[in-house]
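Pasting entry_25.txt here (compact mmCIF, C-alpha atoms):
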# COMPACT_ATOMS: atom_id res chain seq x y z
CA MET A 1 77.26 0.25 79.60
CA ASN A 2 79.25 0.61 82.80
CA VAL A 3 82.78 -0.60 83.52
CA LYS A 4 81.68 -3.83 85.24
CA GLU A 5 79.48 -4.76 82.28
CA ALA A 6 82.31 -4.06 79.82
CA VAL A 7 84.78 -6.19 81.78
CA LYS A 8 82.31 -9.07 82.14
CA LYS A 9 81.50 -8.99 78.43
CA ALA A 10 85.19 -8.90 77.43
CA ILE A 11 86.16 -11.85 79.65
CA GLU A 12 83.18 -13.92 78.51
CA TYR A 13 83.93 -13.08 74.87
CA ILE A 14 87.59 -14.14 75.14
CA ALA A 15 86.58 -17.39 76.88
CA ASP A 16 84.05 -18.11 74.12
CA ILE A 17 86.22 -17.17 71.10
CA PHE A 18 89.23 -19.14 72.36
CA GLU A 19 87.15 -22.01 73.81
CA SER A 20 88.99 -24.71 71.85
CA GLU A 21 92.33 -23.57 73.33
CA ASN A 22 91.31 -24.33 76.95
CA LEU A 23 92.53 -21.00 78.32
CA GLU A 24 93.59 -20.81 81.96
CA ASN A 25 93.75 -17.97 84.47
CA ILE A 26 91.60 -15.56 82.44
CA GLY A 27 91.49 -12.17 84.11
CA LEU A 28 91.24 -8.43 83.79
CA GLU A 29 94.51 -6.55 83.32
CA GLU A 30 93.32 -3.02 82.50
CA VAL A 31 90.28 -1.14 81.24
CA ALA A 32 89.68 2.30 79.76
CA LEU A 33 86.85 4.18 78.09
CA ASP A 34 87.90 5.91 74.87
CA GLU A 35 85.49 8.84 75.07
CA LYS A 36 86.24 10.05 71.54
CA ALA A 37 85.44 6.68 69.92
CA ASP A 38 82.89 5.81 72.65
CA THR A 39 84.41 2.35 73.05
CA TRP A 40 85.65 0.36 76.00
CA GLU A 41 89.18 -1.02 75.66
CA VAL A 42 89.46 -3.97 78.01
CA THR A 43 92.77 -5.82 78.29
CA VAL A 44 92.31 -9.47 79.24
CA GLY A 45 95.21 -11.72 80.20
CA PHE A 46 95.31 -15.51 80.09
CA SER A 47 97.56 -18.56 79.88
CA ARG A 48 97.43 -21.43 77.42
CA PRO A 49 98.10 -25.02 78.56
CA TRP A 50 101.03 -25.46 76.15
CA ASP A 51 102.79 -22.30 77.37
CA HIS A 52 103.92 -23.75 80.72
CA GLU A 53 107.65 -23.17 81.23
CA LYS A 54 109.53 -25.48 83.59
CA GLY A 55 111.73 -23.76 86.15
CA GLY A 56 114.70 -26.11 85.55
CA LEU A 57 116.01 -29.42 86.88
CA ILE A 58 116.17 -28.29 90.50
CA SER A 59 112.76 -26.66 90.59
CA ASN A 60 109.41 -28.22 89.77
CA ILE A 61 107.82 -24.77 89.81
CA GLN A 62 106.12 -23.86 86.56
CA ARG A 63 105.89 -20.31 85.29
CA LEU A 64 102.97 -19.51 83.05
CA LYS A 65 103.48 -17.35 80.00
CA ARG A 66 100.60 -14.90 79.71
CA ASP A 67 99.06 -13.51 76.57
CA TYR A 68 97.10 -10.29 76.50
CA LYS A 69 94.26 -9.19 74.23
CA ILE A 70 92.54 -5.82 74.00
CA VAL A 71 88.80 -6.26 73.50
CA CYS A 72 87.14 -3.15 72.02
CA ILE A 73 83.44 -2.87 72.84
CA ASP A 74 81.04 -0.23 71.50
CA ASN A 75 79.68 1.63 74.53
CA LYS A 76 76.21 2.19 73.03
CA THR A 77 75.51 -1.08 71.19
CA GLU A 78 77.61 -3.26 73.55
CA GLU A 79 78.92 -5.04 70.44
CA VAL A 80 82.49 -6.33 70.40
CA LYS A 81 84.22 -4.47 67.58
CA SER A 82 87.68 -6.07 67.68
CA ILE A 83 90.24 -8.12 69.53
CA LYS A 84 93.83 -6.92 69.27
CA ILE A 85 97.12 -8.32 70.52
CA ARG A 86 98.47 -6.35 73.50
CA GLU A 87 102.26 -6.30 73.38
CA VAL A 88 103.98 -6.27 76.76
CA SER A 89 107.63 -5.42 77.27
CA ASN A 90 109.65 -7.35 79.84
CA ALA A 91 111.42 -4.32 81.29
Produce structure tokens that represent the structure in this file.
Amino acid sequence: MNVKEAVKKAIEYIADIFESENLENIGLEEVALDEKADTWEVTVGFSRPWDHEKGGLISNIQRLKRDYKIVCIDNKTEEVKSIKIREVSNA
């Protein structure tokens, strides 16, 4: 499995698993091959419709809160092994 295939599979998997939540702005954030475990770790970011934050009374601009998931995919079998929460600090 190459990097493009891993990314495509991870994004499609997230869209399918969370289908009932109507995710928005699904996209790749980072990807790495763990050579020791022979798994792809693909971080996918997305927004949920209920996570829109209003900018305040003066501004009608909405900021979207993003969530991040790490999708672990077996490099040989191409099977998704897990989905983990990716914590992000706001530094």
To one decimal place in Å, what is the distance between atom CA of Glu21 of chain A and atom CA of Gly45 of chain A? 14.0 Å
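The gap separating atom CA of Pro49 of chain A from atom CA of Glu79 of chain A is 28.9 Å, in Å to one decimal.
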Proximity to Lys76 of chain A - best of A:Ser20, A:Glu41, A:Met1, A:Glu35, only C-alpha atoms: A:Met1
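With distances restricted to all atoms listed in the file, A:Asn75 is the closest residue to Ala37 of chain A from A:Val88, A:Asn75, A:Ile83, A:Ala10.
The shortest atom-to-atom distance to Val7 of chain A, with only C-alpha atoms taken into account, belongs to A:Val42 out of A:Val42, A:Val80, A:Cys72, A:Ile26.
Straight-line separation from atom CA of Thr43 of chain A to atom CA of Ile70 of chain A: 4.3 Å.
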Residues within 8 Å of Arg48 of chain A, please, as number ranges by chain. Count all atoms listed in the file; anything in the same chain fewer than 4 positions from it doesn't count. A: 21-24, 52, 65-66
Please identify all polymer residues within 7 Å of Gly27 of chain A, counting all atoms listed in the file, omitting same-chain residues fewer than 2 positions from it, and present them as a PyMOL selection string. chain A and resi 11+25+29+44-46
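Between Asn2 of chain A and the residues A:Leu33, A:Ile85, A:Leu28, A:Ala15, the shortest atom-to-atom distance, using all atoms listed in the file, involves A:Leu33.
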